[in-house]
Structure formats: C-alpha cells, structure tokens
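Taking it in order: structure first as structure tokens, then the write-up.
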Amino acid sequence: MEENFIQFLDNLKLTQNQREDAKKKYEGVINCMARHFYDRSKNDGDQYLFGSYKTKTAIRPIEGGSDVDVLFKIDKDTYEKYKNNTSGLLQECRNALKDTYSTTEEIHAWGKVVLVKFCDGTHNVEVLPALEKDDSKFCIPNTENGGSWDDFDPRSQIDAFLDSNETTDGLTRVCSMMIKNWVRNTSTLEYKSFNIVKDVILFTDKIYPDGKGDENYDVIIRDFFHFWIKRISDNDNRKSYFQTALDRANKAVEYEKEGKHIEASEEWRKIFTPSLFPHSDKNEEKRDETKHFSIAARPWSI
C-alpha cells in the first residue's frame, strides 16, 4: 500500500504551472496595491505570504478557486487615517484594485479581507491590509461588529509548522496534505485548513517526533484518526466523521496485513478522493499450505 500512498501524494502536489499561477496572481495584486498606496512598484517588504501557499500544503485539484492568503503592509499614516474606519480601508483597497481587475474578475471586501476572484476558476487572492508592529506581529482591520483592529500573528503559526516539518523530516507537510484531501472528500465536514495543520502538528510532534522512519503511511494516517478520536469532545460535530474514517482505516490496515491489497485500497478510496488514490488490482497469492504426505510404503503394507 505504500506505493499507493506515494502516488497519492504525487497526485496531490501542485504542478509547476499552478505554483507559478498562484505567485503571478498574488504578486500582481500586491503590485497594484503598492502603486496605489506608495506610488511605486512593489518590493518584497510590502507583503507577507501565509497559509497553505506559504507552508506548501495546498493541494490539487483546484476547483472553483483556491485562495492565496497574503498580507499587504500599510504604513502608520494609512493606519491613522482609517483607525476608526476599518470598512473605509477595505473599500480603498477594493478601489485600488478595481481599475486593474475590472473586466474579468470580481472584487469583494468584507470582514478582514479583500478577495480578488479570478474568472479562470483557479487561484483567487485574499489580501489583508495590515500594520506591522514592533514585535513582528500585525494589526489587521475587522469590519464586523462595528469595526475594530485585531492582533494577528501569522509568523508564529508559520514558524511552528516549519519547525515541526523539519523535525519530522517532512511528515507534517504530507500528513497535512492528506488530511486536507480527506476533509475535501467529506463534503459535510467543517474543518478549517488552519485547524487541520495545527492538529497535524500536535499529532506528529507527539506520536512521530522523529518523522516517518520505517513506518508506512497507511499506519500513520490510521494513527492520526486514532489520536484525535480520543481527544475530540462528544459534542464536537467532527466526532462521527473521525470515527467513520478510523473504522475504515483500521479495516484497510488489517486487509493490507492479510495481503488483500485490493480491499485495502478500496477502503482508502472511501476516505480519500477515489480519482486521486490509486486502486490496487492484485492481491497476494496465498501459499499452498496443503500437507503433502510421503508415499513411501507403510510398514503394514509390506
């Protein structure tokens, strides 16, 4: 089953063209913002990329748009101007973008972000205007409940992920990608990407702190579901989904131990997207354990 999982992971990774498309779009948005607010082209100090495109846990397929999350750093003058008018700042950001993205894209401003939704159905860009503070955290506008400025610390989130991924020799990243696919394949399950990564970090740091080692991916994913089923509250709406996934993973692991590769793959294809997880087409042949008796003449037949 290990080969199935390796192929599955390869199927989840973004292509080079998809990575370039994401970068081109978010850099274009930041460049447009820099021209508006600073009257110049962007530089690297204007932005801070975070989320799945920073941690490289974004997965295929990209259906209906996949959001690239990026901060645009505003200066103190802009902050002072909109200190008591957070919705006004988001509207200015929207106005800054609408001339460039006017004919084929949609631009929406709500909550804390401005969303540039591209018509090609691939990558969209969610840009958050943010004031960088002396402690390297950010202050971002929130237009809800009358408006406020909220502290936001994406750097600590990214650092926690990178530290875990390095310690576990990449296991944190690939587990995050696979669990994201499980959530995507479970249409009614509400489980935010940020929380998935946070839960995977806790799991790998406690159960596989040194990485995958000689263990197989099927056992590791089974262990993830087992780890969290014991920790999720009975009142958590995710509980039944974890239990269903654990039951199927347990069955798949047992099938694999018995050499029933076809049946094992079919259970995993119930957990993950069937078109991405390979189907095994052959089971192990059982050895003929029939006892062969000697045909030497018996004493009583002589």
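FYI, nothing fancy with the structure tokens labels: chains A, B, ... in order, residues from 1 per chain, ligands from 1 as they appear.
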
Can you tell me, as a PyMOL selection string, which residues in range 71-255 of chain A count as strand (DSSP E) by DSSP?
chain A and resi 71-74+106-110+113-117+123-132+138-142+148-152

Please produce an output containing N, CA, C and O atoms for each residue in the selection, written as a CSV table (one decimal), in the first residue's frame.
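Generated file (out.csv):
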```csv
chain,number,residue,atom,x,y,z
A,71,LEU,N,-0.6,39.2,3.2
A,71,LEU,CA,-0.8,40.5,3.8
A,71,LEU,C,-0.2,41.6,3.0
A,71,LEU,O,0.9,41.4,2.4
A,72,PHE,N,-0.8,42.7,2.9
A,72,PHE,CA,-0.2,43.9,2.4
A,72,PHE,C,0.0,44.9,3.5
A,72,PHE,O,-0.9,45.3,4.2
A,73,LYS,N,1.3,45.2,3.6
A,73,LYS,CA,1.7,46.1,4.8
A,73,LYS,C,1.4,47.6,4.5
A,73,LYS,O,1.9,48.1,3.5
A,74,ILE,N,0.6,48.1,5.3
A,74,ILE,CA,0.3,49.5,5.2
A,74,ILE,C,1.2,50.3,6.2
A,74,ILE,O,1.8,49.8,7.1
A,106,GLU,N,-13.9,39.5,-10.1
A,106,GLU,CA,-14.8,40.1,-9.1
A,106,GLU,C,-13.9,40.5,-7.9
A,106,GLU,O,-13.0,39.8,-7.5
A,107,ILE,N,-14.3,41.6,-7.3
A,107,ILE,CA,-13.5,42.0,-6.1
A,107,ILE,C,-14.5,42.3,-5.0
A,107,ILE,O,-15.5,43.1,-5.2
A,108,HIS,N,-14.3,41.6,-3.9
A,108,HIS,CA,-15.2,41.8,-2.8
A,108,HIS,C,-14.4,42.2,-1.5
A,108,HIS,O,-13.3,41.7,-1.3
A,109,ALA,N,-15.1,43.0,-0.7
A,109,ALA,CA,-14.4,43.4,0.6
A,109,ALA,C,-15.4,43.1,1.7
A,109,ALA,O,-16.5,43.6,1.7
A,110,TRP,N,-15.0,42.3,2.6
A,110,TRP,CA,-15.8,42.1,3.8
A,110,TRP,C,-14.9,41.5,4.9
A,110,TRP,O,-13.8,41.0,4.7
A,113,VAL,N,-10.8,41.0,4.9
A,113,VAL,CA,-10.1,40.7,3.7
A,113,VAL,C,-10.7,41.4,2.5
A,113,VAL,O,-11.9,41.7,2.5
A,114,VAL,N,-9.9,41.5,1.4
A,114,VAL,CA,-10.4,41.9,0.1
A,114,VAL,C,-10.1,40.7,-0.8
A,114,VAL,O,-8.9,40.2,-0.8
A,115,LEU,N,-11.1,40.1,-1.4
A,115,LEU,CA,-11.0,39.0,-2.2
A,115,LEU,C,-11.0,39.3,-3.7
A,115,LEU,O,-11.9,40.0,-4.2
A,116,VAL,N,-9.9,39.0,-4.4
A,116,VAL,CA,-9.9,39.1,-5.9
A,116,VAL,C,-10.2,37.7,-6.4
A,116,VAL,O,-9.4,36.8,-6.3
A,117,LYS,N,-11.4,37.6,-7.0
A,117,LYS,CA,-11.8,36.3,-7.6
A,117,LYS,C,-11.6,36.3,-9.1
A,117,LYS,O,-12.3,37.0,-9.8
A,123,HIS,N,-6.7,30.1,-9.1
A,123,HIS,CA,-6.4,30.7,-7.8
A,123,HIS,C,-7.0,32.1,-7.7
A,123,HIS,O,-7.0,32.9,-8.6
A,124,ASN,N,-7.6,32.3,-6.5
A,124,ASN,CA,-8.0,33.6,-6.1
A,124,ASN,C,-7.0,34.2,-5.1
A,124,ASN,O,-6.2,33.4,-4.6
A,125,VAL,N,-7.1,35.5,-4.8
A,125,VAL,CA,-6.2,36.1,-3.9
A,125,VAL,C,-7.0,36.8,-2.8
A,125,VAL,O,-7.9,37.6,-3.1
A,126,GLU,N,-6.7,36.4,-1.5
A,126,GLU,CA,-7.3,37.1,-0.4
A,126,GLU,C,-6.2,38.0,0.2
A,126,GLU,O,-5.2,37.5,0.7
A,127,VAL,N,-6.4,39.3,0.2
A,127,VAL,CA,-5.3,40.2,0.7
A,127,VAL,C,-5.8,40.9,1.9
A,127,VAL,O,-7.0,41.4,1.9
A,128,LEU,N,-5.0,40.9,2.9
A,128,LEU,CA,-5.3,41.6,4.2
A,128,LEU,C,-4.4,42.8,4.4
A,128,LEU,O,-3.2,42.6,4.5
A,129,PRO,N,-5.0,44.0,4.4
A,129,PRO,CA,-4.1,45.1,4.8
A,129,PRO,C,-3.8,45.0,6.2
A,129,PRO,O,-4.6,44.6,7.1
A,130,ALA,N,-2.5,45.3,6.6
A,130,ALA,CA,-2.0,45.0,7.9
A,130,ALA,C,-0.9,46.0,8.3
A,130,ALA,O,0.0,46.3,7.5
A,131,LEU,N,-1.0,46.5,9.5
A,131,LEU,CA,0.1,47.3,10.1
A,131,LEU,C,1.1,46.4,10.8
A,131,LEU,O,0.7,45.7,11.8
A,132,GLU,N,2.4,46.4,10.4
A,132,GLU,CA,3.3,45.6,11.1
A,132,GLU,C,3.8,46.3,12.4
A,132,GLU,O,4.2,47.5,12.3
A,138,PHE,N,1.1,41.6,13.6
A,138,PHE,CA,0.4,42.5,12.7
A,138,PHE,C,-0.9,43.0,13.4
A,138,PHE,O,-1.5,42.3,14.3
A,139,CYS,N,-1.4,44.1,13.0
A,139,CYS,CA,-2.7,44.6,13.4
A,139,CYS,C,-3.5,44.7,12.1
A,139,CYS,O,-3.1,45.4,11.2
A,140,ILE,N,-4.7,44.0,12.1
A,140,ILE,CA,-5.5,44.0,10.9
A,140,ILE,C,-6.9,44.5,11.1
A,140,ILE,O,-7.4,44.4,12.2
A,141,PRO,N,-7.5,45.1,10.1
A,141,PRO,CA,-8.8,45.7,10.3
A,141,PRO,C,-9.9,44.6,10.3
A,141,PRO,O,-9.8,43.7,9.5
A,142,ASN,N,-10.9,44.8,11.2
A,142,ASN,CA,-12.0,43.9,11.2
A,142,ASN,C,-13.3,44.7,11.1
A,142,ASN,O,-13.6,45.5,12.0
A,148,SER,N,-13.1,47.1,14.3
A,148,SER,CA,-12.0,47.1,15.3
A,148,SER,C,-10.7,46.7,14.6
A,148,SER,O,-10.7,46.4,13.4
A,149,TRP,N,-9.6,46.8,15.3
A,149,TRP,CA,-8.3,46.3,14.8
A,149,TRP,C,-7.9,45.1,15.7
A,149,TRP,O,-7.8,45.2,16.9
A,150,ASP,N,-7.6,44.0,15.0
A,150,ASP,CA,-7.3,42.8,15.7
A,150,ASP,C,-5.8,42.4,15.6
A,150,ASP,O,-5.2,42.6,14.5
A,151,ASP,N,-5.2,41.9,16.6
A,151,ASP,CA,-3.9,41.4,16.5
A,151,ASP,C,-3.8,40.1,15.7
A,151,ASP,O,-4.7,39.2,15.8
A,152,PHE,N,-2.8,39.9,14.9
A,152,PHE,CA,-2.7,38.7,14.1
A,152,PHE,C,-1.2,38.4,14.0
A,152,PHE,O,-0.4,39.2,13.8
```

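Non-sequential neighbours of Asp163 in chain A (distance at most 10 Å, separation of 6 or more positions within a chain, only C-alpha atoms) are Asp169, Thr172, Ile201 and Asp205 of chain A.
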
What would the file look like if the residues just selected were written as an mmCIF file, in the first residue's frame with all heavy atoms?
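Full text of result37.cif as output:
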```cif
data_model
loop_
_atom_site.group_PDB
_atom_site.id
_atom_site.type_symbol
_atom_site.label_atom_id
_atom_site.label_comp_id
_atom_site.auth_asym_id
_atom_site.auth_seq_id
_atom_site.Cartn_x
_atom_site.Cartn_y
_atom_site.Cartn_z
ATOM 1 N N ASP A 169 11.066 15.492 9.439
ATOM 2 C CA ASP A 169 11.592 15.165 8.116
ATOM 3 C C ASP A 169 10.511 15.187 7.041
ATOM 4 O O ASP A 169 10.429 14.304 6.184
ATOM 5 C CB ASP A 169 12.275 13.794 8.146
ATOM 6 C CG ASP A 169 13.151 13.533 6.919
ATOM 7 O OD1 ASP A 169 13.629 14.519 6.322
ATOM 8 O OD2 ASP A 169 13.328 12.353 6.556
ATOM 9 N N THR A 172 5.059 16.234 8.658
ATOM 10 C CA THR A 172 3.979 17.177 8.981
ATOM 11 C C THR A 172 3.331 17.720 7.720
ATOM 12 O O THR A 172 2.099 17.844 7.633
ATOM 13 C CB THR A 172 4.523 18.329 9.847
ATOM 14 O OG1 THR A 172 5.047 17.791 11.070
ATOM 15 C CG2 THR A 172 3.433 19.333 10.171
ATOM 16 N N ILE A 201 0.249 19.081 13.445
ATOM 17 C CA ILE A 201 1.480 19.410 14.165
ATOM 18 C C ILE A 201 1.495 18.738 15.540
ATOM 19 O O ILE A 201 2.492 18.122 15.941
ATOM 20 C CB ILE A 201 1.635 20.937 14.307
ATOM 21 C CG1 ILE A 201 1.965 21.565 12.954
ATOM 22 C CG2 ILE A 201 2.741 21.283 15.317
ATOM 23 C CD1 ILE A 201 1.962 23.090 12.969
ATOM 24 N N ASP A 205 4.198 15.784 16.357
ATOM 25 C CA ASP A 205 5.163 16.107 17.408
ATOM 26 C C ASP A 205 5.087 15.118 18.566
ATOM 27 O O ASP A 205 6.102 14.822 19.212
ATOM 28 C CB ASP A 205 4.945 17.537 17.923
ATOM 29 C CG ASP A 205 5.408 18.587 16.923
ATOM 30 O OD1 ASP A 205 5.957 18.200 15.870
ATOM 31 O OD2 ASP A 205 5.214 19.790 17.185
#
```

Hey, which of A:Phe37, A:Gly88, A:Arg19, A:Leu97 ends up closest to Gly111 in chain A? Count only C-alpha atoms.
A:Gly88

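Compared by their closest atoms to Lys112 in chain A, and using only C-alpha atoms, the residues A:Lys76, A:Lys133, A:Val174, A:Val70 rank with A:Val70 nearest.
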
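Closest approach to Glu258 in chain A from the set A:Lys206, A:Lys286, A:Lys239, A:Lys270 is made by A:Lys286, with distances taken over only C-alpha atoms.
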
Write out as a ChimeraX atom specification all residues of range 168-269 of chain A that DSSP puts in alpha helix (DSSP H) for this structure's backbone.
/A:171-185,193-207,217-229,239-257,261-269

Contact residues around Ser280 in chain A with only C-alpha atoms at 7 Å, ignoring same-chain residues under 2 positions, as an mmCIF file with N, CA and C atoms, in the first residue's frame:
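Written file, part32.cif:
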```
data_model
loop_
_atom_site.group_PDB
_atom_site.id
_atom_site.type_symbol
_atom_site.label_atom_id
_atom_site.label_comp_id
_atom_site.auth_asym_id
_atom_site.auth_seq_id
_atom_site.Cartn_x
_atom_site.Cartn_y
_atom_site.Cartn_z
ATOM 1 N N HIS A 261 -4.640 -6.421 -0.960
ATOM 2 C CA HIS A 261 -4.337 -5.065 -1.408
ATOM 3 C C HIS A 261 -5.541 -4.397 -2.088
ATOM 4 N N ILE A 262 -6.309 -5.175 -2.810
ATOM 5 C CA ILE A 262 -7.478 -4.618 -3.497
ATOM 6 C C ILE A 262 -8.464 -4.064 -2.473
ATOM 7 N N SER A 265 -7.106 -0.950 -0.642
ATOM 8 C CA SER A 265 -7.172 0.275 -1.449
ATOM 9 C C SER A 265 -8.603 0.789 -1.567
ATOM 10 N N PRO A 278 -4.789 5.634 -5.843
ATOM 11 C CA PRO A 278 -4.758 4.505 -6.785
ATOM 12 C C PRO A 278 -5.470 3.262 -6.254
ATOM 13 N N LYS A 282 -4.353 -6.265 -7.612
ATOM 14 C CA LYS A 282 -3.927 -7.635 -7.377
ATOM 15 C C LYS A 282 -3.680 -7.867 -5.895
#
```

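As for CA of Leu14 in chain A and CA of Asn181 in chain A, they are spaced 13.1 Å apart.
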
Set the distance at 7 Å and use only C-alpha atoms: which residues neighbour Thr57 in chain A once local chain neighbours fewer than 2 positions away are removed? I'd like the list as a ChimeraX atom specification.
/A:52-53,55,59,173,176-177

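Comparing the minimum interatomic distances between Ile229 in chain A and each of A:Thr100, A:Thr143, A:Ser87, A:Thr244, counting only C-alpha atoms, we find that A:Thr244 sits nearest.
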
Need the shell around Gln157 in chain A: protein/DNA/RNA residues with any atom at most 10 Å away, counting only C-alpha atoms. Skip same-chain ones fewer than 3 positions apart. Format as a PyMOL selection string?
chain A and resi 50-51+55+153-154+160-162+194+197-198

Can you write out the residues you just picked, keeping C-alpha atoms, as an mmCIF file, in the first residue's frame?
```cif
data_model
loop_
_atom_site.group_PDB
_atom_site.id
_atom_site.type_symbol
_atom_site.label_atom_id
_atom_site.label_comp_id
_atom_site.auth_asym_id
_atom_site.auth_seq_id
_atom_site.Cartn_x
_atom_site.Cartn_y
_atom_site.Cartn_z
ATOM 1 C CA PHE A 50 0.953 32.928 4.834
ATOM 2 C CA GLY A 51 -1.443 29.994 4.817
ATOM 3 C CA THR A 55 3.588 26.088 4.085
ATOM 4 C CA ASP A 153 0.444 36.624 14.372
ATOM 5 C CA PRO A 154 0.921 34.524 11.237
ATOM 6 C CA ALA A 160 5.519 26.289 14.360
ATOM 7 C CA PHE A 161 4.757 24.475 11.118
ATOM 8 C CA LEU A 162 8.275 24.814 9.701
ATOM 9 C CA PHE A 194 -5.691 26.290 9.751
ATOM 10 C CA VAL A 197 -2.457 21.937 10.167
ATOM 11 C CA LYS A 198 -2.489 22.769 13.881
#
```

Polymer residues at most 12 Å from Ile232 in chain A, only C-alpha atoms, same-chain spacing of 5 or more positions, as a VMD selection string
chain A and resid 199 225 to 227 237 to 243

Just the number, please: distance in Å from CA of Asp236 in chain A to CA of Arg269 in chain A, one decimal.
25.0 Å

Which residues come within 8 Å of range 183-191 of chain A, counting only C-alpha atoms, excluding same-chain residues fewer than 4 positions away, as a count of residues only?
8

So, counting only C-alpha atoms, which residue among A:Glu285, A:Asp10, A:Asp218, A:Asp21 is closest to Glu254 in chain A?
A:Asp218

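Proximity of A:Val29, A:Ile158, A:Tyr208, A:Leu202 to Leu171 in chain A, computed with only C-alpha atoms, is greatest for A:Tyr208.
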